[in-house]
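Beneath this line is the structure, given in structure tokens, with notes to follow.
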2 protein chains.
Amino acid sequence: MNIGDVARRSGLPTKTIRYYEEIGFIRPKRLDNGYRDFDEAELHKLAFIGRARSLGFSVEDCRILLELYDDKSRASAVVKKVAEQNLKAIDAKIADLQAMRVTLSHLIDKCAGDHRPDCPILENLGKITTKDA
Amino acid sequence: MNIGDVARRSGLPTKTIRYYEEIGFIRPKRLDNGYRDFDEAELHKLAFIGRARSLGFSVEDCRILLELYDDKSRASAVVKKVAEQNLKAIDAKIADLQAMRVTLSHLIDKCAGDHRPDCPILENLGKITTKDA
DNA sequence: ATGGGGCTTCCAGTCACCGGAAGGTCAAGG
DNA sequence: CCTTGACCTTCCGGTGACTGGAAGCCCCAT
């Protein structure tokens, strides 16, 4: 299977697939002309990584998850722990963004948004909130 | 004012301040010994950038906001628009993360998380969801 | 044989910094 | 006067996870 077919079937760009080879996720054989030749197992692995990435797992998380996936005797608790850590990280990001959102939307609400130059948004950003030593 | 004082008063790391000089946000004078010498206006500007960054504005957004801040005759509508675009981007990120969160937490709930090897998390990641051409 | 797409490698760029090395400067203490 | 330690400087490289582009094969259909 050529890289283009794998890209279509996995949903990953060819650039990303080459990158995943570079960082050791896959080692496709080569044809005589130098083209990569993927088998179904590699396609499968790439699709796995793609799904995990879309759920917010880092590439290094994926490396761990792949190892766990291959190790059929590992306890599910181990996998669950990795997933829970990821969930925590996602929750923290959501909380950060929501805090931003609150402040920013307050600012936007207070701004008339007309032809006049007075703007509470800039005024607030301009406030020096230093901790004078 | 030395860079260390500015760092303490603005809350930005010295590395970041030097970086902001490099990309043209500020142009502090230099003392004979080569040290940067900041004035209050520069401190103010850095604090402004720091606050905007913490609200999710990109560095390029900050460049625009600074220009708008300096242009006392611009309409507040212009600023509001930039802020609203940022708010939209924040909302999109929150939505993405929440979608991830839902899927991942379902998966985690379904996983026993014990000594047994069966794990719905990995099983789901392993599902090939390709669009076979 | 020619054209167009697909494949290869390699280099550089993204974004917003951060870490560290090598070295100059300054104020205080012995 | 010397040392110590906290500053400051520049420069180089790295981060994460790709992405873009150039230069150049390769393959197939016309």
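Going through the structure tokens in order, the chains are called A, B, and so on, while each chain numbers its residues from 1 and the ligands are numbered from 1 in the order shown.
For chain A, the residues no farther than 9 Å from chain D when using only C-alpha atoms (C1' of nucleotides) are Lys15, Thr16, Tyr19, Asn33, Ser58 and Val59 of chain A.
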With chain A as the partner and 9 Å as the cut-off, tabulate the residues of chain C that qualify, each row holding the nearest pair of atoms and their distance in Å to one decimal, using only C-alpha atoms (C1' of nucleotides), sorted by chain and rising number, as JSON lines.
```
{"residue": "C:DG6", "atom": "C1'", "partner": "A:Gly4", "partner_atom": "CA", "distance": 7.9}
{"residue": "C:DC7", "atom": "C1'", "partner": "A:Tyr35", "partner_atom": "CA", "distance": 6.3}
{"residue": "C:DT8", "atom": "C1'", "partner": "A:Gly34", "partner_atom": "CA", "distance": 7.1}
```
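CA of Asp114 in chain A is found 6.1 Å from CA of Ala75 in chain B.
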Identify, with DSSP run on backbone atoms, the residues in chain A assigned to helix (DSSP H, G or I), and express the list as a short mmCIF file (atom, residue, chain, number, x, y, z; two decimals) with N, CA and C atoms, in the first residue's frame.
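This is the output file states17.cif:
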```cif
data_model
loop_
_atom_site.label_atom_id
_atom_site.label_comp_id
_atom_site.auth_asym_id
_atom_site.auth_seq_id
_atom_site.Cartn_x
_atom_site.Cartn_y
_atom_site.Cartn_z
N ILE A 3 1.79 5.38 0.35
CA ILE A 3 1.52 6.33 1.42
C ILE A 3 0.21 7.10 1.18
N GLY A 4 -0.09 7.35 -0.08
CA GLY A 4 -1.32 8.08 -0.41
C GLY A 4 -2.57 7.31 -0.01
N ASP A 5 -2.54 6.01 -0.24
CA ASP A 5 -3.68 5.17 0.15
C ASP A 5 -3.84 5.16 1.66
N VAL A 6 -2.70 5.03 2.34
CA VAL A 6 -2.73 5.02 3.80
C VAL A 6 -3.28 6.34 4.31
N ALA A 7 -2.86 7.43 3.68
CA ALA A 7 -3.35 8.75 4.08
C ALA A 7 -4.86 8.81 3.94
N ARG A 8 -5.35 8.36 2.78
CA ARG A 8 -6.80 8.40 2.56
C ARG A 8 -7.54 7.53 3.58
N ARG A 9 -7.01 6.33 3.80
CA ARG A 9 -7.73 5.40 4.69
C ARG A 9 -7.58 5.74 6.17
N SER A 10 -6.50 6.39 6.56
CA SER A 10 -6.31 6.71 7.98
C SER A 10 -6.79 8.11 8.32
N THR A 14 -0.01 12.82 4.48
CA THR A 14 1.22 12.08 4.20
C THR A 14 2.40 12.63 5.01
N LYS A 15 2.44 13.93 5.15
CA LYS A 15 3.52 14.55 5.92
C LYS A 15 3.56 13.99 7.34
N THR A 16 2.40 13.85 7.90
CA THR A 16 2.29 13.36 9.28
C THR A 16 2.72 11.89 9.36
N ILE A 17 2.35 11.12 8.34
CA ILE A 17 2.73 9.71 8.33
C ILE A 17 4.25 9.57 8.25
N ARG A 18 4.87 10.37 7.38
CA ARG A 18 6.34 10.33 7.30
C ARG A 18 6.97 10.74 8.63
N TYR A 19 6.34 11.74 9.24
CA TYR A 19 6.83 12.18 10.55
C TYR A 19 6.71 11.06 11.58
N TYR A 20 5.61 10.34 11.57
CA TYR A 20 5.44 9.25 12.52
C TYR A 20 6.43 8.13 12.26
N GLU A 21 6.83 7.97 11.02
CA GLU A 21 7.90 7.00 10.75
C GLU A 21 9.21 7.52 11.37
N GLU A 22 9.46 8.80 11.15
CA GLU A 22 10.71 9.41 11.63
C GLU A 22 10.86 9.24 13.14
N GLU A 40 -1.46 -3.73 6.47
CA GLU A 40 -2.67 -3.39 7.22
C GLU A 40 -2.38 -3.06 8.68
N ALA A 41 -1.39 -3.77 9.25
CA ALA A 41 -1.07 -3.53 10.66
C ALA A 41 -0.59 -2.09 10.85
N GLU A 42 0.17 -1.61 9.89
CA GLU A 42 0.68 -0.25 10.02
C GLU A 42 -0.44 0.78 9.85
N LEU A 43 -1.32 0.48 8.91
CA LEU A 43 -2.49 1.35 8.73
C LEU A 43 -3.29 1.43 10.03
N HIS A 44 -3.47 0.28 10.63
CA HIS A 44 -4.20 0.13 11.87
C HIS A 44 -3.57 0.97 12.98
N LYS A 45 -2.27 0.86 13.07
CA LYS A 45 -1.50 1.59 14.08
C LYS A 45 -1.65 3.09 13.87
N LEU A 46 -1.55 3.52 12.64
CA LEU A 46 -1.67 4.95 12.34
C LEU A 46 -3.06 5.47 12.67
N ALA A 47 -4.07 4.66 12.36
CA ALA A 47 -5.44 5.07 12.68
C ALA A 47 -5.62 5.19 14.20
N PHE A 48 -5.01 4.25 14.91
CA PHE A 48 -5.03 4.27 16.38
C PHE A 48 -4.43 5.59 16.89
N ILE A 49 -3.26 5.90 16.37
CA ILE A 49 -2.59 7.13 16.80
C ILE A 49 -3.45 8.36 16.46
N GLY A 50 -4.01 8.35 15.27
CA GLY A 50 -4.85 9.47 14.86
C GLY A 50 -6.02 9.69 15.80
N ARG A 51 -6.65 8.60 16.18
CA ARG A 51 -7.78 8.72 17.10
C ARG A 51 -7.33 9.20 18.48
N ALA A 52 -6.24 8.64 18.95
CA ALA A 52 -5.74 9.05 20.27
C ALA A 52 -5.36 10.53 20.25
N ARG A 53 -4.69 10.97 19.18
CA ARG A 53 -4.30 12.39 19.08
C ARG A 53 -5.54 13.27 19.10
N SER A 54 -6.59 12.84 18.41
CA SER A 54 -7.78 13.67 18.34
C SER A 54 -8.50 13.72 19.68
N VAL A 59 1.79 12.94 21.61
CA VAL A 59 2.49 11.91 20.86
C VAL A 59 3.19 10.94 21.81
N GLU A 60 3.74 11.45 22.88
CA GLU A 60 4.40 10.55 23.84
C GLU A 60 3.38 9.67 24.56
N ASP A 61 2.20 10.21 24.83
CA ASP A 61 1.11 9.40 25.36
C ASP A 61 0.81 8.26 24.39
N CYS A 62 0.79 8.60 23.12
CA CYS A 62 0.46 7.59 22.10
C CYS A 62 1.48 6.47 22.11
N ARG A 63 2.72 6.83 22.32
CA ARG A 63 3.77 5.81 22.37
C ARG A 63 3.47 4.82 23.49
N ILE A 64 3.09 5.38 24.64
CA ILE A 64 2.75 4.54 25.80
C ILE A 64 1.51 3.69 25.48
N LEU A 65 0.49 4.34 24.94
CA LEU A 65 -0.75 3.62 24.64
C LEU A 65 -0.51 2.49 23.64
N LEU A 66 0.36 2.73 22.67
CA LEU A 66 0.65 1.68 21.69
C LEU A 66 1.34 0.49 22.35
N GLU A 67 2.25 0.80 23.25
CA GLU A 67 2.92 -0.29 23.99
C GLU A 67 1.89 -1.08 24.78
N LEU A 68 0.99 -0.36 25.44
CA LEU A 68 -0.03 -1.02 26.24
C LEU A 68 -0.96 -1.83 25.35
N TYR A 69 -1.22 -1.29 24.17
CA TYR A 69 -2.10 -1.98 23.23
C TYR A 69 -1.47 -3.29 22.79
N ASP A 70 -0.16 -3.25 22.58
CA ASP A 70 0.55 -4.45 22.14
C ASP A 70 0.73 -5.47 23.26
N SER A 76 -5.94 -3.34 32.83
CA SER A 76 -6.66 -2.20 32.28
C SER A 76 -6.46 -0.96 33.16
N ALA A 77 -6.13 -1.17 34.41
CA ALA A 77 -5.92 -0.04 35.33
C ALA A 77 -4.82 0.89 34.84
N VAL A 78 -3.81 0.31 34.22
CA VAL A 78 -2.69 1.11 33.75
C VAL A 78 -3.16 2.07 32.65
N VAL A 79 -3.91 1.50 31.72
CA VAL A 79 -4.43 2.31 30.62
C VAL A 79 -5.36 3.40 31.16
N LYS A 80 -6.21 3.00 32.07
CA LYS A 80 -7.17 3.93 32.64
C LYS A 80 -6.46 5.12 33.29
N LYS A 81 -5.35 4.83 33.93
CA LYS A 81 -4.60 5.90 34.59
C LYS A 81 -4.09 6.93 33.58
N VAL A 82 -3.51 6.43 32.49
CA VAL A 82 -3.03 7.35 31.45
C VAL A 82 -4.19 8.20 30.92
N ALA A 83 -5.31 7.54 30.68
CA ALA A 83 -6.48 8.25 30.16
C ALA A 83 -6.98 9.29 31.15
N GLU A 84 -6.96 8.92 32.42
CA GLU A 84 -7.44 9.85 33.44
C GLU A 84 -6.54 11.07 33.56
N GLN A 85 -5.26 10.85 33.41
CA GLN A 85 -4.34 11.99 33.44
C GLN A 85 -4.62 12.93 32.28
N ASN A 86 -4.88 12.35 31.14
CA ASN A 86 -5.22 13.17 29.98
C ASN A 86 -6.51 13.93 30.23
N LEU A 87 -7.48 13.27 30.82
CA LEU A 87 -8.76 13.92 31.11
C LEU A 87 -8.54 15.11 32.05
N LYS A 88 -7.68 14.91 33.02
CA LYS A 88 -7.37 16.00 33.96
C LYS A 88 -6.77 17.18 33.23
N ALA A 89 -5.84 16.88 32.32
CA ALA A 89 -5.18 17.95 31.57
C ALA A 89 -6.20 18.69 30.71
N ILE A 90 -7.12 17.94 30.12
CA ILE A 90 -8.17 18.56 29.31
C ILE A 90 -9.04 19.47 30.18
N ASP A 91 -9.40 18.98 31.35
CA ASP A 91 -10.23 19.78 32.26
C ASP A 91 -9.51 21.07 32.65
N ALA A 92 -8.22 20.97 32.88
CA ALA A 92 -7.47 22.17 33.27
C ALA A 92 -7.47 23.18 32.13
N LYS A 93 -7.30 22.69 30.91
CA LYS A 93 -7.31 23.60 29.77
C LYS A 93 -8.68 24.27 29.62
N ILE A 94 -9.73 23.48 29.79
CA ILE A 94 -11.08 24.04 29.70
C ILE A 94 -11.28 25.13 30.75
N ALA A 95 -10.83 24.86 31.95
CA ALA A 95 -11.00 25.83 33.03
C ALA A 95 -10.25 27.12 32.72
N ASP A 96 -9.04 26.99 32.21
CA ASP A 96 -8.26 28.17 31.83
C ASP A 96 -9.01 29.00 30.79
N LEU A 97 -9.47 28.32 29.77
CA LEU A 97 -10.15 29.01 28.68
C LEU A 97 -11.44 29.66 29.17
N GLN A 98 -12.13 28.98 30.08
CA GLN A 98 -13.37 29.56 30.57
C GLN A 98 -13.13 30.82 31.40
N ALA A 99 -12.02 30.80 32.14
CA ALA A 99 -11.67 32.00 32.91
C ALA A 99 -11.37 33.16 31.97
N MET A 100 -10.62 32.88 30.92
CA MET A 100 -10.35 33.89 29.89
C MET A 100 -11.65 34.42 29.32
N ARG A 101 -12.51 33.47 28.99
CA ARG A 101 -13.77 33.79 28.34
C ARG A 101 -14.59 34.76 29.17
N VAL A 102 -14.67 34.47 30.47
CA VAL A 102 -15.45 35.32 31.37
C VAL A 102 -14.92 36.76 31.35
N THR A 103 -13.63 36.88 31.56
CA THR A 103 -13.04 38.22 31.61
C THR A 103 -13.24 38.95 30.29
N LEU A 104 -12.91 38.26 29.21
CA LEU A 104 -12.98 38.90 27.91
C LEU A 104 -14.41 39.28 27.53
N SER A 105 -15.37 38.43 27.85
CA SER A 105 -16.74 38.76 27.44
C SER A 105 -17.30 39.89 28.29
N HIS A 106 -16.87 39.99 29.55
CA HIS A 106 -17.25 41.15 30.36
C HIS A 106 -16.75 42.42 29.70
N LEU A 107 -15.49 42.36 29.29
CA LEU A 107 -14.87 43.52 28.67
C LEU A 107 -15.62 43.91 27.40
N ILE A 108 -15.93 42.90 26.61
CA ILE A 108 -16.63 43.16 25.34
C ILE A 108 -18.01 43.77 25.61
N ASP A 109 -18.69 43.24 26.62
CA ASP A 109 -20.02 43.76 26.95
C ASP A 109 -19.95 45.24 27.32
N LYS A 110 -18.88 45.60 28.01
CA LYS A 110 -18.79 46.98 28.48
C LYS A 110 -18.39 47.97 27.39
N PRO A 120 -13.39 50.35 26.84
CA PRO A 120 -13.08 49.68 28.12
C PRO A 120 -12.12 48.51 27.96
N ILE A 121 -12.09 47.92 26.78
CA ILE A 121 -11.20 46.78 26.57
C ILE A 121 -9.75 47.22 26.70
N LEU A 122 -9.40 48.22 25.91
CA LEU A 122 -8.03 48.73 25.96
C LEU A 122 -7.72 49.36 27.31
N GLU A 123 -8.72 50.05 27.87
CA GLU A 123 -8.48 50.68 29.17
C GLU A 123 -8.10 49.63 30.21
N ASN A 124 -8.80 48.53 30.15
CA ASN A 124 -8.50 47.48 31.13
C ASN A 124 -7.15 46.85 30.86
N LEU A 125 -6.86 46.59 29.61
CA LEU A 125 -5.54 46.01 29.30
C LEU A 125 -4.43 46.97 29.72
N GLY A 126 -4.72 48.24 29.64
CA GLY A 126 -3.70 49.24 29.95
C GLY A 126 -3.45 49.42 31.42
#
```
For this session: Using only C-alpha atoms, pick whichever of B:Met1, B:Cys119, B:Leu31, B:Ile26 has the shortest atom-to-atom distance to chain A.
Result: B:Cys119
For this session: From a DSSP pass on the backbone, collect the residues of chain B flagged as strand (DSSP E) and hand them back as an MDAnalysis selection string.
Result: chainID B and resid 29:30 36:37
